[in-house]
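Below is the file entry.cif, which contains mmCIF, C-alpha atoms (C1' of nucleotides).
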```
data_start
loop_
_atom_site.label_atom_id
_atom_site.label_comp_id
_atom_site.auth_asym_id
_atom_site.auth_seq_id
_atom_site.Cartn_x
_atom_site.Cartn_y
_atom_site.Cartn_z
CA MET A 1 30.50 -270.89 -191.00
CA THR A 2 28.49 -269.34 -188.23
CA PRO A 3 28.93 -265.59 -187.94
CA PRO A 4 31.24 -264.34 -185.20
CA ARG A 5 28.34 -264.15 -182.81
CA PRO A 6 29.40 -266.18 -179.75
CA TYR A 7 27.26 -268.36 -177.48
CA HIS A 8 25.73 -265.34 -175.95
CA HIS A 9 24.13 -262.45 -177.79
CA GLY A 10 27.42 -260.78 -178.47
CA ASN A 11 28.28 -258.44 -175.69
CA LEU A 12 28.17 -260.08 -172.33
CA ARG A 13 30.37 -257.41 -170.81
CA GLN A 14 27.98 -254.58 -171.63
CA ALA A 15 24.96 -256.69 -170.78
CA LEU A 16 26.38 -257.24 -167.31
CA LEU A 17 27.15 -253.57 -166.87
CA ASP A 18 23.71 -252.48 -168.07
CA ARG A 19 21.90 -254.94 -165.86
CA ALA A 20 24.03 -254.03 -162.88
CA ALA A 21 23.50 -250.31 -163.46
CA THR A 22 19.76 -250.90 -163.60
CA LYS A 23 19.83 -252.83 -160.34
CA LEU A 24 21.72 -249.99 -158.68
CA HIS A 25 18.52 -247.99 -158.87
CA GLU A 26 16.90 -250.17 -156.24
CA LYS A 27 19.65 -252.04 -154.47
CA GLY A 28 22.97 -250.91 -153.10
CA ALA A 29 26.24 -252.09 -154.55
CA ALA A 30 26.62 -254.46 -151.60
CA GLU A 31 23.62 -256.44 -152.80
CA LEU A 32 24.87 -256.83 -156.36
CA SER A 33 25.55 -260.49 -157.05
CA LEU A 34 27.51 -261.70 -160.04
CA ARG A 35 25.70 -265.02 -159.88
CA GLU A 36 22.29 -263.39 -159.89
CA LEU A 37 23.28 -261.09 -162.73
CA SER A 38 24.62 -264.00 -164.75
CA GLY A 39 21.51 -266.06 -164.17
CA GLU A 40 19.18 -263.29 -165.29
CA ILE A 41 21.20 -262.67 -168.42
CA GLY A 42 21.26 -266.34 -169.22
CA VAL A 43 24.87 -267.39 -168.76
CA THR A 44 26.49 -269.45 -166.07
CA HIS A 45 28.04 -267.83 -163.05
CA ALA A 46 31.60 -268.31 -164.29
CA ALA A 47 31.02 -266.54 -167.59
CA PRO A 48 31.66 -262.98 -166.33
CA ARG A 49 35.20 -263.95 -165.51
CA ARG A 50 36.26 -263.36 -169.12
CA TYR A 51 35.44 -259.66 -168.77
CA PHE A 52 35.74 -259.00 -165.07
CA PRO A 53 38.47 -260.90 -163.22
CA ASP A 54 36.60 -260.38 -160.00
CA ARG A 55 33.56 -258.67 -158.57
CA GLN A 56 35.45 -255.49 -157.77
CA ALA A 57 36.39 -255.11 -161.43
CA LEU A 58 32.72 -254.88 -162.33
CA LEU A 59 32.12 -252.34 -159.57
CA ASP A 60 35.06 -250.30 -160.84
CA ALA A 61 33.67 -250.38 -164.38
CA LEU A 62 30.29 -249.24 -163.04
CA ALA A 63 32.01 -246.33 -161.32
CA VAL A 64 33.79 -245.36 -164.54
CA GLU A 65 30.49 -245.39 -166.41
CA GLY A 66 28.92 -243.36 -163.65
CA PHE A 67 31.59 -240.68 -163.87
CA ALA A 68 31.18 -240.59 -167.63
CA ARG A 69 27.46 -239.94 -167.23
CA LEU A 70 28.04 -237.35 -164.51
CA GLY A 71 30.68 -235.64 -166.65
CA ALA A 72 28.27 -235.39 -169.57
CA ARG A 73 25.65 -233.76 -167.33
CA LEU A 74 28.16 -231.30 -165.94
CA ARG A 75 29.44 -230.42 -169.40
CA GLU A 76 25.91 -229.64 -170.54
CA ALA A 77 25.30 -227.53 -167.46
CA ALA A 78 28.58 -225.65 -167.93
CA ALA A 79 27.44 -224.70 -171.42
CA THR A 80 24.40 -222.89 -170.13
CA PRO A 81 24.00 -219.33 -171.43
CA GLY A 82 24.96 -216.44 -169.20
CA GLY A 83 27.92 -215.49 -167.07
CA PRO A 84 29.94 -217.58 -164.62
CA ALA A 85 27.35 -217.13 -161.87
CA GLU A 86 24.63 -218.66 -164.03
CA ARG A 87 26.89 -221.51 -165.07
CA ILE A 88 27.91 -222.23 -161.48
CA ARG A 89 24.28 -222.35 -160.45
CA SER A 90 23.50 -224.61 -163.39
CA ILE A 91 26.32 -226.98 -162.49
CA ALA A 92 25.16 -227.13 -158.89
CA ASP A 93 21.65 -228.05 -159.98
CA ALA A 94 22.96 -230.68 -162.36
CA TYR A 95 25.15 -232.18 -159.66
CA ILE A 96 22.33 -232.42 -157.15
CA GLY A 97 19.99 -233.70 -159.85
CA PHE A 98 22.32 -236.51 -160.82
CA THR A 99 23.27 -237.54 -157.29
CA THR A 100 19.72 -237.59 -155.97
CA SER A 101 18.51 -239.63 -158.92
CA GLU A 102 21.32 -242.19 -158.56
CA PRO A 103 22.27 -242.41 -154.90
CA ASN A 104 23.52 -245.99 -155.03
CA LEU A 105 25.65 -245.36 -158.09
CA VAL A 106 27.10 -242.20 -156.55
CA GLU A 107 27.91 -244.03 -153.33
CA LEU A 108 29.76 -246.61 -155.40
CA MET A 109 31.58 -243.94 -157.42
CA PHE A 110 32.91 -242.26 -154.30
CA ALA A 111 33.69 -245.42 -152.36
CA HIS A 112 37.29 -245.41 -151.26
CA LYS A 113 37.82 -249.07 -151.92
CA HIS A 114 38.57 -249.54 -155.56
CA GLY A 115 40.59 -252.46 -156.82
CA ALA A 116 42.96 -252.81 -159.74
CA GLY A 117 40.84 -250.35 -161.71
CA ALA A 118 41.37 -247.56 -159.19
CA GLU A 119 43.47 -245.47 -161.56
CA ALA A 120 40.87 -245.79 -164.31
CA VAL A 121 38.20 -244.65 -161.86
CA ALA A 122 40.36 -241.71 -160.80
CA ARG A 123 40.94 -240.71 -164.42
CA SER A 124 37.24 -240.80 -165.25
CA ALA A 125 36.51 -238.80 -162.11
CA ALA A 126 39.04 -236.12 -163.02
CA GLU A 127 37.55 -235.89 -166.50
CA ALA A 128 34.05 -235.56 -165.10
CA PHE A 129 35.08 -232.71 -162.83
CA ALA A 130 36.89 -230.75 -165.54
CA PRO A 131 33.86 -228.57 -166.38
CA ILE A 132 33.74 -227.39 -162.75
CA LEU A 133 37.38 -226.31 -162.78
CA ASP A 134 36.88 -224.67 -166.17
CA VAL A 135 34.02 -222.53 -164.95
CA PHE A 136 35.95 -221.38 -161.91
CA ARG A 137 38.90 -220.52 -164.11
CA GLN A 138 36.62 -218.41 -166.27
CA ALA A 139 34.99 -216.79 -163.26
CA ARG A 140 38.23 -215.48 -161.77
CA PRO A 141 40.97 -215.56 -164.37
CA GLU A 142 43.09 -213.11 -162.36
CA GLY A 143 43.33 -215.54 -159.45
CA GLY A 144 45.31 -218.02 -161.47
CA PRO A 145 44.76 -221.75 -161.90
CA GLN A 146 45.72 -222.48 -158.27
CA ASP A 147 42.86 -220.38 -156.96
CA ALA A 148 40.43 -221.85 -159.45
CA GLN A 149 41.37 -225.40 -158.57
CA ARG A 150 40.98 -224.66 -154.89
CA ALA A 151 37.58 -223.07 -155.35
CA GLY A 152 36.49 -225.83 -157.71
CA LEU A 153 37.42 -228.59 -155.27
CA VAL A 154 35.67 -226.88 -152.37
CA PHE A 155 32.63 -226.39 -154.60
CA LEU A 156 32.73 -230.06 -155.52
CA ALA A 157 33.10 -231.04 -151.86
CA THR A 158 30.15 -228.88 -150.89
CA PHE A 159 27.73 -230.41 -153.35
CA GLN A 160 29.03 -233.94 -153.05
CA GLY A 161 28.62 -233.56 -149.29
CA LEU A 162 25.14 -232.16 -149.73
CA ALA A 163 24.27 -235.10 -151.95
CA GLY A 164 25.43 -237.50 -149.25
CA LEU A 165 23.42 -235.77 -146.55
CA ILE A 166 20.35 -235.89 -148.75
CA SER A 167 20.62 -239.53 -149.68
CA CYS A 168 21.27 -240.68 -146.12
CA GLY A 169 18.29 -238.70 -144.91
CA ILE A 170 19.99 -236.03 -142.81
CA VAL A 171 18.77 -233.31 -145.17
CA PRO A 172 15.03 -233.60 -145.81
CA PRO A 173 13.91 -233.20 -149.43
CA HIS A 174 11.93 -230.02 -148.79
CA GLN A 175 15.09 -228.26 -147.63
CA ILE A 176 17.23 -229.10 -150.66
CA ASP A 177 16.45 -225.99 -152.68
CA GLU A 178 17.26 -223.48 -149.98
CA LEU A 179 20.47 -225.28 -149.08
CA VAL A 180 21.60 -225.38 -152.70
CA ALA A 181 20.89 -221.66 -152.99
CA ASP A 182 22.77 -220.93 -149.77
CA ALA A 183 25.73 -223.05 -150.89
CA VAL A 184 25.88 -221.51 -154.37
CA ALA A 185 25.88 -218.02 -152.85
CA ARG A 186 29.09 -218.87 -151.03
CA PHE A 187 30.84 -219.20 -154.39
CA ASP A 188 29.69 -215.95 -155.92
CA GLY A 189 32.77 -214.09 -157.06
CA ASN A 190 34.80 -217.23 -156.49
CA GLY A 191 34.55 -217.04 -152.75
CA ARG A 192 35.69 -213.49 -152.14
CA PRO A 193 32.94 -211.06 -151.34
CA ALA A 194 32.10 -209.09 -154.46
CA PRO A 195 32.88 -205.43 -153.80
CA ASP A 196 29.44 -204.14 -154.77
CA THR A 197 27.35 -206.87 -153.14
CA ALA A 198 26.42 -205.76 -149.65
CA MET B 1 25.55 -271.32 -107.54
CA THR B 2 27.73 -269.98 -110.29
CA PRO B 3 27.74 -266.18 -110.55
CA PRO B 4 25.61 -264.62 -113.28
CA ARG B 5 28.56 -264.70 -115.67
CA PRO B 6 27.32 -266.48 -118.80
CA TYR B 7 29.22 -268.85 -121.07
CA HIS B 8 31.14 -266.02 -122.55
CA HIS B 9 33.07 -263.36 -120.65
CA GLY B 10 29.99 -261.34 -119.96
CA ASN B 11 29.43 -258.86 -122.70
CA LEU B 12 29.34 -260.45 -126.10
CA ARG B 13 27.48 -257.53 -127.58
CA GLN B 14 30.17 -255.01 -126.71
CA ALA B 15 32.94 -257.46 -127.59
CA LEU B 16 31.47 -257.80 -131.07
CA LEU B 17 31.14 -254.05 -131.47
CA ASP B 18 34.69 -253.40 -130.25
CA ARG B 19 36.20 -256.04 -132.48
CA ALA B 20 34.20 -254.83 -135.48
CA ALA B 21 35.18 -251.21 -134.84
CA THR B 22 38.82 -252.25 -134.70
CA LYS B 23 38.52 -254.11 -137.97
CA LEU B 24 36.99 -251.05 -139.60
CA HIS B 25 40.40 -249.45 -139.40
CA GLU B 26 41.76 -251.77 -142.05
CA LYS B 27 38.79 -253.28 -143.85
CA GLY B 28 35.66 -251.72 -145.20
CA ALA B 29 32.25 -252.53 -143.77
CA ALA B 30 31.59 -254.79 -146.75
CA GLU B 31 34.35 -257.12 -145.58
CA LEU B 32 33.05 -257.42 -142.03
CA SER B 33 31.93 -260.99 -141.39
CA LEU B 34 29.81 -261.98 -138.42
CA ARG B 35 31.22 -265.50 -138.60
CA GLU B 36 34.80 -264.30 -138.57
CA LEU B 37 34.08 -261.92 -135.69
CA SER B 38 32.40 -264.69 -133.72
CA GLY B 39 35.25 -267.11 -134.31
CA GLU B 40 37.89 -264.65 -133.18
CA ILE B 41 35.96 -263.83 -130.03
CA GLY B 42 35.44 -267.49 -129.29
CA VAL B 43 31.74 -268.07 -129.78
CA THR B 44 29.88 -269.89 -132.50
CA HIS B 45 28.54 -268.06 -135.48
CA ALA B 46 24.96 -268.12 -134.25
CA ALA B 47 25.73 -266.47 -130.91
CA PRO B 48 25.53 -262.83 -132.13
CA ARG B 49 21.89 -263.36 -132.95
CA ARG B 50 20.89 -262.70 -129.32
CA TYR B 51 22.16 -259.12 -129.64
CA PHE B 52 21.96 -258.38 -133.34
CA PRO B 53 19.04 -259.91 -135.21
CA ASP B 54 20.95 -259.57 -138.44
CA ARG B 55 24.17 -258.21 -139.85
CA GLN B 56 22.68 -254.81 -140.59
CA ALA B 57 21.80 -254.38 -136.92
CA LEU B 58 25.48 -254.61 -136.03
CA LEU B 59 26.38 -252.12 -138.75
CA ASP B 60 23.71 -249.75 -137.46
CA ALA B 61 25.07 -250.06 -133.92
CA LEU B 62 28.56 -249.32 -135.23
CA ALA B 63 27.21 -246.19 -136.93
CA VAL B 64 25.56 -245.06 -133.70
CA GLU B 65 28.83 -245.52 -131.81
CA GLY B 66 30.64 -243.66 -134.55
CA PHE B 67 28.31 -240.68 -134.32
CA ALA B 68 28.74 -240.66 -130.55
CA ARG B 69 32.51 -240.48 -130.95
CA LEU B 70 32.24 -237.80 -133.63
CA GLY B 71 29.84 -235.82 -131.49
CA ALA B 72 32.26 -235.89 -128.56
CA ARG B 73 35.05 -234.57 -130.78
CA LEU B 74 32.86 -231.79 -132.13
CA ARG B 75 31.69 -230.80 -128.64
CA GLU B 76 35.30 -230.49 -127.52
CA ALA B 77 36.15 -228.43 -130.57
CA ALA B 78 33.13 -226.16 -130.09
CA ALA B 79 34.37 -225.39 -126.57
CA THR B 80 37.61 -223.94 -127.87
CA PRO B 81 38.43 -220.48 -126.51
CA GLY B 82 37.86 -217.46 -128.73
CA GLY B 83 35.02 -216.15 -130.82
CA PRO B 84 32.76 -217.94 -133.30
CA ALA B 85 35.39 -217.77 -136.05
CA GLU B 86 37.89 -219.67 -133.90
CA ARG B 87 35.32 -222.23 -132.88
CA ILE B 88 34.21 -222.77 -136.47
CA ARG B 89 37.80 -223.32 -137.53
CA SER B 90 38.30 -225.70 -134.62
CA ILE B 91 35.21 -227.70 -135.53
CA ALA B 92 36.35 -227.95 -139.13
CA ASP B 93 39.73 -229.30 -138.05
CA ALA B 94 38.10 -231.77 -135.69
CA TYR B 95 35.75 -232.95 -138.41
CA ILE B 96 38.52 -233.51 -140.92
CA GLY B 97 40.69 -235.11 -138.26
CA PHE B 98 38.04 -237.62 -137.31
CA THR B 99 36.96 -238.48 -140.84
CA THR B 100 40.48 -238.94 -142.18
CA SER B 101 41.44 -241.16 -139.26
CA GLU B 102 38.34 -243.36 -139.63
CA PRO B 103 37.36 -243.40 -143.31
CA ASN B 104 35.69 -246.82 -143.22
CA LEU B 105 33.66 -245.97 -140.15
CA VAL B 106 32.59 -242.65 -141.65
CA GLU B 107 31.58 -244.31 -144.90
CA LEU B 108 29.43 -246.68 -142.85
CA MET B 109 27.93 -243.83 -140.81
CA PHE B 110 26.83 -241.96 -143.90
CA ALA B 111 25.68 -244.97 -145.87
CA HIS B 112 22.11 -244.51 -146.98
CA LYS B 113 21.13 -248.10 -146.34
CA HIS B 114 20.31 -248.52 -142.70
CA GLY B 115 17.94 -251.18 -141.52
CA ALA B 116 15.56 -251.28 -138.58
CA GLY B 117 17.96 -249.12 -136.59
CA ALA B 118 17.78 -246.27 -139.06
CA GLU B 119 15.94 -243.95 -136.68
CA ALA B 120 18.48 -244.62 -133.92
CA VAL B 121 21.27 -243.78 -136.37
CA ALA B 122 19.48 -240.59 -137.39
CA ARG B 123 19.03 -239.57 -133.76
CA SER B 124 22.69 -240.11 -132.92
CA ALA B 125 23.66 -238.18 -136.04
CA ALA B 126 21.47 -235.23 -135.09
CA GLU B 127 22.98 -235.22 -131.61
CA ALA B 128 26.49 -235.30 -133.03
CA PHE B 129 25.82 -232.32 -135.26
CA ALA B 130 24.25 -230.20 -132.52
CA PRO B 131 27.53 -228.40 -131.68
CA ILE B 132 27.79 -227.20 -135.27
CA LEU B 133 24.32 -225.70 -135.23
CA ASP B 134 24.99 -224.16 -131.82
CA VAL B 135 28.12 -222.38 -133.01
CA PHE B 136 26.34 -220.96 -136.03
CA ARG B 137 23.50 -219.77 -133.83
CA GLN B 138 26.02 -217.97 -131.65
CA ALA B 139 27.83 -216.53 -134.64
CA ARG B 140 24.79 -214.83 -136.12
CA PRO B 141 22.02 -214.58 -133.54
CA GLU B 142 20.26 -211.87 -135.54
CA GLY B 143 19.75 -214.24 -138.48
CA GLY B 144 17.44 -216.46 -136.47
CA PRO B 145 17.53 -220.24 -136.07
CA GLN B 146 16.50 -220.80 -139.69
CA ASP B 147 19.58 -219.05 -141.00
CA ALA B 148 21.83 -220.85 -138.52
CA GLN B 149 20.46 -224.24 -139.42
CA ARG B 150 20.94 -223.52 -143.09
CA ALA B 151 24.50 -222.35 -142.62
CA GLY B 152 25.27 -225.26 -140.30
CA LEU B 153 24.00 -227.84 -142.76
CA VAL B 154 25.95 -226.34 -145.64
CA PHE B 155 29.02 -226.24 -143.41
CA LEU B 156 28.49 -229.89 -142.53
CA ALA B 157 28.00 -230.77 -146.19
CA THR B 158 31.19 -228.97 -147.17
CA PHE B 159 33.41 -230.81 -144.70
CA GLN B 160 31.70 -234.14 -145.04
CA GLY B 161 32.15 -233.79 -148.79
CA LEU B 162 35.77 -232.82 -148.36
CA ALA B 163 36.28 -235.87 -146.16
CA GLY B 164 34.82 -238.07 -148.89
CA LEU B 165 37.03 -236.56 -151.58
CA ILE B 166 40.07 -237.08 -149.37
CA SER B 167 39.35 -240.67 -148.49
CA CYS B 168 38.55 -241.68 -152.05
CA GLY B 169 41.77 -240.07 -153.27
CA ILE B 170 40.40 -237.19 -155.33
CA VAL B 171 41.94 -234.67 -152.95
CA PRO B 172 45.63 -235.43 -152.32
CA PRO B 173 46.78 -235.21 -148.68
CA HIS B 174 49.13 -232.29 -149.27
CA GLN B 175 46.21 -230.13 -150.41
CA ILE B 176 43.99 -230.75 -147.40
CA ASP B 177 45.15 -227.78 -145.35
CA GLU B 178 44.64 -225.15 -148.00
CA LEU B 179 41.22 -226.53 -148.93
CA VAL B 180 40.09 -226.55 -145.31
CA ALA B 181 41.25 -222.94 -144.97
CA ASP B 182 39.47 -221.96 -148.18
CA ALA B 183 36.29 -223.71 -147.09
CA VAL B 184 36.32 -222.22 -143.61
CA ALA B 185 36.74 -218.74 -145.06
CA ARG B 186 33.46 -219.16 -146.89
CA PHE B 187 31.67 -219.31 -143.54
CA ASP B 188 33.18 -216.22 -141.97
CA GLY B 189 30.36 -214.03 -140.84
CA ASN B 190 27.96 -216.91 -141.44
CA GLY B 191 28.24 -216.71 -145.19
CA ARG B 192 27.57 -213.04 -145.77
CA PRO B 193 30.61 -210.95 -146.53
CA ALA B 194 31.70 -209.17 -143.39
CA PRO B 195 31.42 -205.40 -143.98
CA ASP B 196 35.00 -204.61 -143.00
CA THR B 197 36.70 -207.55 -144.66
CA ALA B 198 37.73 -206.55 -148.14
"C1'" DA C 1 37.71 -266.86 -178.01
"C1'" DC C 2 33.97 -267.74 -175.12
"C1'" DC C 3 31.36 -270.26 -172.09
"C1'" DT C 4 30.05 -274.60 -169.12
"C1'" DG C 5 29.96 -277.52 -165.06
"C1'" DA C 6 31.72 -279.09 -160.99
"C1'" DA C 7 34.28 -278.07 -156.87
"C1'" DC C 8 35.91 -275.25 -152.92
"C1'" DA C 9 35.69 -272.23 -149.11
"C1'" DC C 10 33.03 -268.86 -147.35
"C1'" DC C 11 28.82 -266.35 -145.92
"C1'" DG C 12 24.07 -264.85 -143.32
"C1'" DT C 13 20.06 -266.86 -141.44
"C1'" DT C 14 17.23 -270.16 -138.99
"C1'" DC C 15 16.02 -273.24 -135.29
"C1'" DA C 16 15.81 -277.12 -132.29
"C1'" DA C 17 18.57 -278.41 -128.62
"C1'" DG C 18 21.65 -277.97 -124.78
"C1'" DT C 19 23.22 -275.68 -120.03
"C1'" DA D 1 19.06 -266.14 -120.48
"C1'" DC D 2 22.66 -267.42 -123.39
"C1'" DC D 3 24.95 -270.20 -126.47
"C1'" DT D 4 25.71 -274.59 -129.50
"C1'" DG D 5 25.44 -277.48 -133.60
"C1'" DA D 6 23.51 -278.77 -137.71
"C1'" DA D 7 21.10 -277.38 -141.82
"C1'" DC D 8 19.83 -274.32 -145.72
"C1'" DA D 9 20.44 -271.28 -149.47
"C1'" DC D 10 23.50 -268.22 -151.20
"C1'" DC D 11 27.97 -266.27 -152.58
"C1'" DG D 12 32.88 -265.30 -155.16
"C1'" DT D 13 36.60 -267.76 -157.08
"C1'" DT D 14 39.01 -271.37 -159.57
"C1'" DC D 15 39.83 -274.52 -163.33
"C1'" DA D 16 39.56 -278.33 -166.39
"C1'" DA D 17 36.69 -279.19 -170.10
"C1'" DG D 18 33.68 -278.35 -173.94
"C1'" DT D 19 32.43 -275.80 -178.64
#
```
Please, can you express the file's structure as structure tokens?
Amino acid sequence: MTPPRPYHHGNLRQALLDRAATKLHEKGAAELSLRELSGEIGVTHAAPRRYFPDRQALLDALAVEGFARLGARLREAAATPGGPAERIRSIADAYIGFTTSEPNLVELMFAHKHGAGAEAVARSAAEAFAPILDVFRQARPEGGPQDAQRAGLVFLATFQGLAGLISCGIVPPHQIDELVADAVARFDGNGRPAPDTA
Amino acid sequence: MTPPRPYHHGNLRQALLDRAATKLHEKGAAELSLRELSGEIGVTHAAPRRYFPDRQALLDALAVEGFARLGARLREAAATPGGPAERIRSIADAYIGFTTSEPNLVELMFAHKHGAGAEAVARSAAEAFAPILDVFRQARPEGGPQDAQRAGLVFLATFQGLAGLISCGIVPPHQIDELVADAVARFDGNGRPAPDTA
DNA sequence: ACCTGAACACCGTTCAAGT
DNA sequence: ACCTGAACACCGTTCAAGT
């Protein structure tokens, strides 16, 4: 007659994900331990197996959550008032803001070793990047979707690369703003020099 | 009266590095095991300690070697005949060539968790990137070193980011060439639209 | 359905001891 | 100087068993 609340408080899966995401603030994904996580939550080390068949499955789920959060930030930024130039700038700032605040999570998201959940990670990544492609489609509708996708991917590469250089220390913090401005300027007019901008 | 050849064949440190670098072709850095490496080389698991105080020290040394190899490739590419535009294109190709052939090594090189050898890694990285900054200085001497460093760092970010998107599967292989071309075009004339290029 | 408890093979790190 | 061998604490994974 006990309610359907199990041994644990009801949602071990989410509890593990939340705790792991919190730990990613301080430690890298390599230091995440299922046993430690389990112990802190108050279950035995074998309990996670119901929800994550192995350690990689939890890392994949963390990556999916990370892309969902990043996608939400980018969608907000893409809805900024103004023309395409303002929205592109806003997206760039949002991207750098997210990646610098969550370097360990971002490193996990872009790791090229995903397990069985690799397709799910790829889907969530594609969804997160949709606002970028949308803005570039709006910016240069005459170029066609091929052009927009190309520009969007190079834009993504630029700021993802910048994020990596920042978090590994190659780009010092005081130089971030000028580099973001320089990078954004390279996408004005979708990469072709605007005719009236000397 | 035995010659100064120790127990092992004489250079355990380099043997460990070589074997680890080879393994990085197939496995990620997370799967590298000092014990496995030691066993395959023929020493006990505690032997590496003479040369690498901990596991991170070996990873740091691998990163330093990786930056040395990357730097050599970039120096070659920067010496390509032709003007700055040709050299920039050549450097971009070399960068993408190296990173796509060694994704695990590159992921290790740009990891933001280096240990006591972090400064050594940073130094080797700066040395590797020098050819990029040099070419941008040559391309736009009137802009001054500040401008060249800015452009060089954004260039580096763009191709390092592209490398990451390729190796994690977001950019499909068949699209690499067009994206590299698109990205390179954004650095013609050091980022400012050339006056005679409509 | 959900979790426990014990077992297995592996790991990095440490250190006294050997040569 | 260079490496061994044993010990320690930790890990992911597996699985029969409990509730």
Exercise for the section: Mind giving me the straight-line distance from CA of Ala68 (chain A) to CA of Lys27 (chain A) in Å, one decimal? Expected result: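 Computing the Euclidean distance for CA of Ala68 (chain A) and CA of Lys27 (chain A) yields 20.9 Å.
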Exercise for the section: Could you list, as a PyMOL selection string, the residues of chain B having an atom within 12 Å of chain C when counting all atoms listed in the file? Expected result: chain B and resi 6-7+30-36+45-49+52-56
Practice task
In the coordinate frame of the file, compute which residues have an atom within 12 Å of (33.6, -250.3, -127.6) when using all atoms listed in the file, and state them as an MDAnalysis selection string.
Solution key: chainID B and resid 11:22 61:62 64:66 68:69
Result set, the PyMOL selection byres ((chain A) within 7 of (chain B)) on current file, as a PDB file with C-alpha atoms, in the frame of the given file:
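Result file expr_6.pdb:
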```pdb
ATOM      1  CA  ALA A  30      26.620-254.460-151.600  1.00  0.00           C
ATOM      2  CA  PHE A 110      32.910-242.260-154.300  1.00  0.00           C
ATOM      3  CA  ALA A 111      33.690-245.420-152.360  1.00  0.00           C
ATOM      4  CA  HIS A 112      37.290-245.410-151.260  1.00  0.00           C
ATOM      5  CA  ARG A 150      40.980-224.660-154.890  1.00  0.00           C
ATOM      6  CA  VAL A 154      35.670-226.880-152.370  1.00  0.00           C
ATOM      7  CA  ALA A 157      33.100-231.040-151.860  1.00  0.00           C
ATOM      8  CA  THR A 158      30.150-228.880-150.890  1.00  0.00           C
ATOM      9  CA  GLN A 160      29.030-233.940-153.050  1.00  0.00           C
ATOM     10  CA  GLY A 161      28.620-233.560-149.290  1.00  0.00           C
ATOM     11  CA  LEU A 162      25.140-232.160-149.730  1.00  0.00           C
ATOM     12  CA  LEU A 165      23.420-235.770-146.550  1.00  0.00           C
ATOM     13  CA  SER A 167      20.620-239.530-149.680  1.00  0.00           C
ATOM     14  CA  CYS A 168      21.270-240.680-146.120  1.00  0.00           C
ATOM     15  CA  LEU A 179      20.470-225.280-149.080  1.00  0.00           C
ATOM     16  CA  ALA A 183      25.730-223.050-150.890  1.00  0.00           C
ATOM     17  CA  ARG A 186      29.090-218.870-151.030  1.00  0.00           C
ATOM     18  CA  GLY A 191      34.550-217.040-152.750  1.00  0.00           C
ATOM     19  CA  PRO A 193      32.940-211.060-151.340  1.00  0.00           C
TER      20      PRO A 193
END
```
Practice task
Have a look at CA of Ala148 (chain B) and CA of Glu86 (chain A) and let me know their distance in Å, one decimal.
Solution key: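 One can read the CA of Ala148 (chain B) to CA of Glu86 (chain A) distance as 25.8 Å.
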Exercise for the section: Mind giving me the straight-line distance from CA of Gly10 (chain B) to CA of Ala63 (chain B) in Å, one decimal? Expected result: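 Atom-to-atom, CA of Gly10 (chain B) and CA of Ala63 (chain B) are spaced 22.9 Å apart.
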Problem - Explicit residue set for the PyMOL selection byres ((chain B and resi 136) around 8), as a PyMOL selection string - result: chain B and resi 84+132-135+137-140+148-149+151-152+190
Go ahead and write the residues just picked, C-alpha atoms, as a short mmCIF file (atom, residue, chain, number, x, y, z; two decimals), keeping the file's coordinate frame.
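Contents of the output file part_2.cif:
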```
data_model
loop_
_atom_site.label_atom_id
_atom_site.label_comp_id
_atom_site.auth_asym_id
_atom_site.auth_seq_id
_atom_site.Cartn_x
_atom_site.Cartn_y
_atom_site.Cartn_z
CA PRO B 84 32.76 -217.94 -133.30
CA ILE B 132 27.79 -227.20 -135.27
CA LEU B 133 24.32 -225.70 -135.23
CA ASP B 134 24.99 -224.16 -131.82
CA VAL B 135 28.12 -222.38 -133.01
CA ARG B 137 23.50 -219.77 -133.83
CA GLN B 138 26.02 -217.97 -131.65
CA ALA B 139 27.83 -216.53 -134.64
CA ARG B 140 24.79 -214.83 -136.12
CA ALA B 148 21.83 -220.85 -138.52
CA GLN B 149 20.46 -224.24 -139.42
CA ALA B 151 24.50 -222.35 -142.62
CA GLY B 152 25.27 -225.26 -140.30
CA ASN B 190 27.96 -216.91 -141.44
#
```
Problem - Shell around Tyr95 (chain B) at 9 Å using all atoms listed in the file, local window under 2 positions removed, as a PyMOL selection string - result: chain B and resi 70+73-74+90-93+97-100+156+159-160+163
Once you have the residues from the selection above, write them out as a PDB file, in the coordinates of the input, restricted to C-alpha atoms.
```pdb
ATOM      1  CA  LEU B  70      32.240-237.800-133.630  1.00  0.00           C
ATOM      2  CA  ARG B  73      35.050-234.570-130.780  1.00  0.00           C
ATOM      3  CA  LEU B  74      32.860-231.790-132.130  1.00  0.00           C
ATOM      4  CA  SER B  90      38.300-225.700-134.620  1.00  0.00           C
ATOM      5  CA  ILE B  91      35.210-227.700-135.530  1.00  0.00           C
ATOM      6  CA  ALA B  92      36.350-227.950-139.130  1.00  0.00           C
ATOM      7  CA  ASP B  93      39.730-229.300-138.050  1.00  0.00           C
ATOM      8  CA  GLY B  97      40.690-235.110-138.260  1.00  0.00           C
ATOM      9  CA  PHE B  98      38.040-237.620-137.310  1.00  0.00           C
ATOM     10  CA  THR B  99      36.960-238.480-140.840  1.00  0.00           C
ATOM     11  CA  THR B 100      40.480-238.940-142.180  1.00  0.00           C
ATOM     12  CA  LEU B 156      28.490-229.890-142.530  1.00  0.00           C
ATOM     13  CA  PHE B 159      33.410-230.810-144.700  1.00  0.00           C
ATOM     14  CA  GLN B 160      31.700-234.140-145.040  1.00  0.00           C
ATOM     15  CA  ALA B 163      36.280-235.870-146.160  1.00  0.00           C
TER      16      ALA B 163
END
```
